[in-house]
Amino acid sequence: MKIIAVIPARYASTRLPAKLMQDLHGKPVITRTYDAAVASNLFDDVFVVTDSEIILNEILSRKGKAIMSQKQHESGSDRIAEAIENIDADIVVNIQGDEPFINKAPLVELINAFKNDVTNQIDLASLMREITNQNDIENPNHVKVVVDQNNFALYFSRSVIPYPRETNVGVRYFQHIGIYAFRKQALLDFSRLPMKSLEASEKLEQLRYLEFGKRIKMIETQHVGIGIDTLEDLEKARKFIQTNATF
């Protein structure tokens with residue numbers, strides 16, 4: 001089973017302009033992420049997929065592997081699908097370009113889900129964590145997921161799901177953590193399928209997989225990534241490196 005990591009890297013960003021090229025103790029954020037993915041030793045290959053010649057040249061100048069995206073894409077899955085179409089791989093792991101401090105444990109769990117899937121029931125695997133704070137449960141920016149008894153996703157929503165008509169019945173609420181591992185064919189299928197009403201309404205690409213019958217295995221984790229979306233996040237990341245010699 002050949003396993004690769006793909007790091008989508010858009011140059012444009014709203015809250016922190018050119019965030020992936022911001023300096024993080026001598027290296028841009030995207031380079032820190034790429035190096036961490038390689039250093040994890042989990043992958044047979046690691047690629048950055050970008051719409052920017054600046055990011056492309058940064059990775060290539062450091063002897064890394066980068067692919068220039070040839071089209072405009074509405075989703076990360078579409079961008080990755082274009083990039084890996086002609087790459088030999090069985091499993092593709094999507095790593096967020098703005099999370100340079102990779103935690104290996106949840107990635108190992110995603111990969112193991114496929115290694116243990118002897119009957120090929122899993123098309124995608126992703127992460128979820130339990131949330132108990134009511135503000136988090138009601139926040140539409142925190143995507144919720146409900147699963148069946150085997151932890152396959154039934155639905156994702158920005159709304160509160162399940163709706164608590166009855167309380168004290170042991171319902172747990174889970175937030176979707178947007179780290180994915182895909183079978184290559186599932187990605188290619190996604191890129192050829194049209195957006196349907198559920199995906200268009202919620203603006204959640206994972207609903208396209210469900211609408212067309214793909215099975216998403218959810219793995220419970222306590223992992224919370226250290227993402228860099230704002231200048232404040234960047235300063236926190238710089239301080240984190242200062243106090244962690246391994247970086």
# chains A, B, ... in the order shown; residues from 1 in each chain; ligands from 1
call {"tool": "residues_around", "arguments": {"residues": "A:Leu110", "least_positions_apart": "2", "cutoff": "10 Å", "atoms": "only C-alpha atoms", "output": "VMD selection string"}}
result
chain A and resid 93 105 to 108 112 to 115 124 to 127 179 to 182 217 to 219
call {"tool": "write_last_selection", "arguments": {"atoms": "C-alpha atoms", "output": "compact mmCIF listing (two decimals), in the first residue's frame"}}
result
# COMPACT_ATOMS: atom_id res chain seq x y z
CA VAL A 93 -3.48 12.01 3.22
CA ALA A 105 -0.78 9.99 16.45
CA PRO A 106 -4.03 10.91 14.62
CA LEU A 107 -2.33 10.46 11.23
CA VAL A 108 -1.25 6.96 12.25
CA ASN A 112 -4.25 2.21 10.13
CA ALA A 113 -7.96 2.48 9.33
CA PHE A 114 -7.12 1.62 5.73
CA LYS A 115 -4.51 -0.99 6.60
CA LEU A 124 -12.30 8.17 3.23
CA ALA A 125 -11.26 8.46 6.85
CA SER A 126 -11.38 11.61 8.94
CA LEU A 127 -11.26 12.81 12.55
CA ILE A 179 -7.94 16.08 8.30
CA TYR A 180 -8.62 13.42 5.68
CA ALA A 181 -7.15 10.27 4.24
CA PHE A 182 -8.60 9.09 0.93
CA LYS A 217 -14.90 6.37 8.54
CA MET A 218 -14.69 8.75 11.50
CA ILE A 219 -12.02 8.31 14.15
call {"tool": "residues_around", "arguments": {"residues": "A:Leu210", "least_positions_apart": "5", "cutoff": "10 Å", "atoms": "only C-alpha atoms", "output": "CSV table (one decimal) with N, CA and C atoms, in the first residue's frame"}}
result
chain,number,residue,atom,x,y,z
A,153,ALA,N,-19.7,8.0,9.0
A,153,ALA,CA,-20.5,9.3,9.0
A,153,ALA,C,-21.9,9.1,8.4
A,154,LEU,N,-22.9,9.6,9.1
A,154,LEU,CA,-24.2,9.7,8.5
A,154,LEU,C,-24.5,11.0,7.9
A,155,TYR,N,-24.0,12.1,8.6
A,155,TYR,CA,-24.3,13.5,8.1
A,155,TYR,C,-23.3,14.4,8.8
A,156,PHE,N,-23.0,15.5,8.1
A,156,PHE,CA,-22.2,16.6,8.6
A,156,PHE,C,-23.1,17.9,8.5
A,198,LEU,N,-27.2,19.4,-1.0
A,198,LEU,CA,-26.7,19.4,0.4
A,198,LEU,C,-25.4,20.1,0.5
A,199,GLU,N,-24.5,19.8,-0.4
A,199,GLU,CA,-23.1,20.4,-0.4
A,199,GLU,C,-23.3,21.9,-0.6
A,205,GLU,N,-17.8,20.2,1.5
A,205,GLU,CA,-17.5,19.3,0.4
A,205,GLU,C,-17.7,17.9,0.8
A,215,ARG,N,-18.3,6.1,1.6
A,215,ARG,CA,-18.3,5.8,3.1
A,215,ARG,C,-17.1,6.5,3.7
A,216,ILE,N,-17.4,7.3,4.8
A,216,ILE,CA,-16.4,8.0,5.5
A,216,ILE,C,-16.3,7.5,6.9
call {"tool": "select_by_dssp", "arguments": {"residues": "stretch 54-218 of chain A", "states": "strand (DSSP E)", "output": "number ranges by chain"}}
result
A: 66-68, 91-94, 124-131, 144-147, 153-157, 173-183, 216-218
call {"tool": "write_last_selection", "arguments": {"atoms": "C-alpha atoms", "output": "mmCIF file, in the first residue's frame"}}
result
data_model
loop_
_atom_site.group_PDB
_atom_site.id
_atom_site.type_symbol
_atom_site.label_atom_id
_atom_site.label_comp_id
_atom_site.auth_asym_id
_atom_site.auth_seq_id
_atom_site.Cartn_x
_atom_site.Cartn_y
_atom_site.Cartn_z
ATOM 1 C CA ALA A 66 5.742 20.682 -5.395
ATOM 2 C CA ILE A 67 3.061 20.667 -8.083
ATOM 3 C CA MET A 68 1.525 23.712 -9.726
ATOM 4 C CA ILE A 91 -3.906 6.287 0.002
ATOM 5 C CA VAL A 92 -3.675 10.089 -0.058
ATOM 6 C CA VAL A 93 -3.479 12.007 3.221
ATOM 7 C CA ASN A 94 -4.456 15.679 3.161
ATOM 8 C CA LEU A 124 -12.303 8.172 3.229
ATOM 9 C CA ALA A 125 -11.257 8.463 6.852
ATOM 10 C CA SER A 126 -11.378 11.614 8.943
ATOM 11 C CA LEU A 127 -11.257 12.810 12.549
ATOM 12 C CA MET A 128 -13.804 13.994 15.092
ATOM 13 C CA ARG A 129 -13.581 15.135 18.687
ATOM 14 C CA GLU A 130 -16.252 15.330 21.336
ATOM 15 C CA ILE A 131 -17.480 18.810 22.254
ATOM 16 C CA LYS A 144 -20.763 18.666 13.556
ATOM 17 C CA VAL A 145 -20.925 15.029 12.488
ATOM 18 C CA VAL A 146 -23.212 12.162 13.462
ATOM 19 C CA VAL A 147 -22.100 8.567 12.974
ATOM 20 C CA ALA A 153 -20.481 9.271 9.015
ATOM 21 C CA LEU A 154 -24.226 9.679 8.541
ATOM 22 C CA TYR A 155 -24.262 13.452 8.080
ATOM 23 C CA PHE A 156 -22.231 16.625 8.592
ATOM 24 C CA SER A 157 -23.827 19.963 9.404
ATOM 25 C CA TYR A 173 -21.773 15.850 20.071
ATOM 26 C CA PHE A 174 -18.782 15.604 17.781
ATOM 27 C CA GLN A 175 -16.928 18.315 15.899
ATOM 28 C CA HIS A 176 -15.413 17.331 12.582
ATOM 29 C CA ILE A 177 -11.652 17.876 12.388
ATOM 30 C CA GLY A 178 -10.877 18.431 8.725
ATOM 31 C CA ILE A 179 -7.941 16.077 8.302
ATOM 32 C CA TYR A 180 -8.624 13.419 5.677
ATOM 33 C CA ALA A 181 -7.147 10.274 4.242
ATOM 34 C CA PHE A 182 -8.604 9.089 0.926
ATOM 35 C CA ARG A 183 -8.439 6.145 -1.350
ATOM 36 C CA ILE A 216 -16.426 8.035 5.498
ATOM 37 C CA LYS A 217 -14.898 6.366 8.541
ATOM 38 C CA MET A 218 -14.694 8.747 11.500
#
call {"tool": "residues_around", "arguments": {"residues": "A:Pro100", "least_positions_apart": "2", "cutoff": "6 Å", "atoms": "only C-alpha atoms", "output": "list in words"}}
result
Arg32, Thr33 and Ile102 of chain A
call {"tool": "write_last_selection", "arguments": {"atoms": "N, CA and C atoms", "output": "PDB file, in the first residue's frame"}}
result
ATOM      1  N   ARG A  32       7.889  24.768   6.890  1.00  0.00           N
ATOM      2  CA  ARG A  32       7.838  24.068   8.182  1.00  0.00           C
ATOM      3  C   ARG A  32       6.860  22.889   8.111  1.00  0.00           C
ATOM      4  N   THR A  33       5.719  23.115   7.487  1.00  0.00           N
ATOM      5  CA  THR A  33       4.722  22.045   7.372  1.00  0.00           C
ATOM      6  C   THR A  33       5.246  20.907   6.510  1.00  0.00           C
ATOM      7  N   ILE A 102       2.899  19.051  13.207  1.00  0.00           N
ATOM      8  CA  ILE A 102       2.142  17.837  12.914  1.00  0.00           C
ATOM      9  C   ILE A 102       2.189  16.878  14.098  1.00  0.00           C
TER      10      ILE A 102
END
call {"tool": "residues_around", "arguments": {"residues": "A:Ala9", "least_positions_apart": "5", "cutoff": "6 Å", "atoms": "only C-alpha atoms", "output": "number ranges by chain"}}
result
A: 49-50, 97
call {"tool": "residues_around", "arguments": {"residues": "A:Ala5", "least_positions_apart": "4", "cutoff": "10 Å", "atoms": "only C-alpha atoms", "output": "list in words"}}
result
Tyr34, Ala37, Val38, Leu42, Phe43, Asp44, Asp45, Val46, Phe47, Val48, Ala89, Ile91, Val92, Val93, Asn94, Ile95 and Ala181 of chain A
call {"tool": "select_by_dssp", "arguments": {"residues": "stretch 30-243 of chain A", "states": "alpha helix (DSSP H)", "output": "PyMOL selection string"}}
result
chain A and resi 30-39+53-61+76-84+104-115+134-138+184-192+197-202+206-211+231-242
call {"tool": "closest_residue", "arguments": {"among": "A:Thr132, A:Leu24, A:Asp189, A:Gln70", "to": "A:Val171", "atoms": "only C-alpha atoms"}}
result
A:Thr132
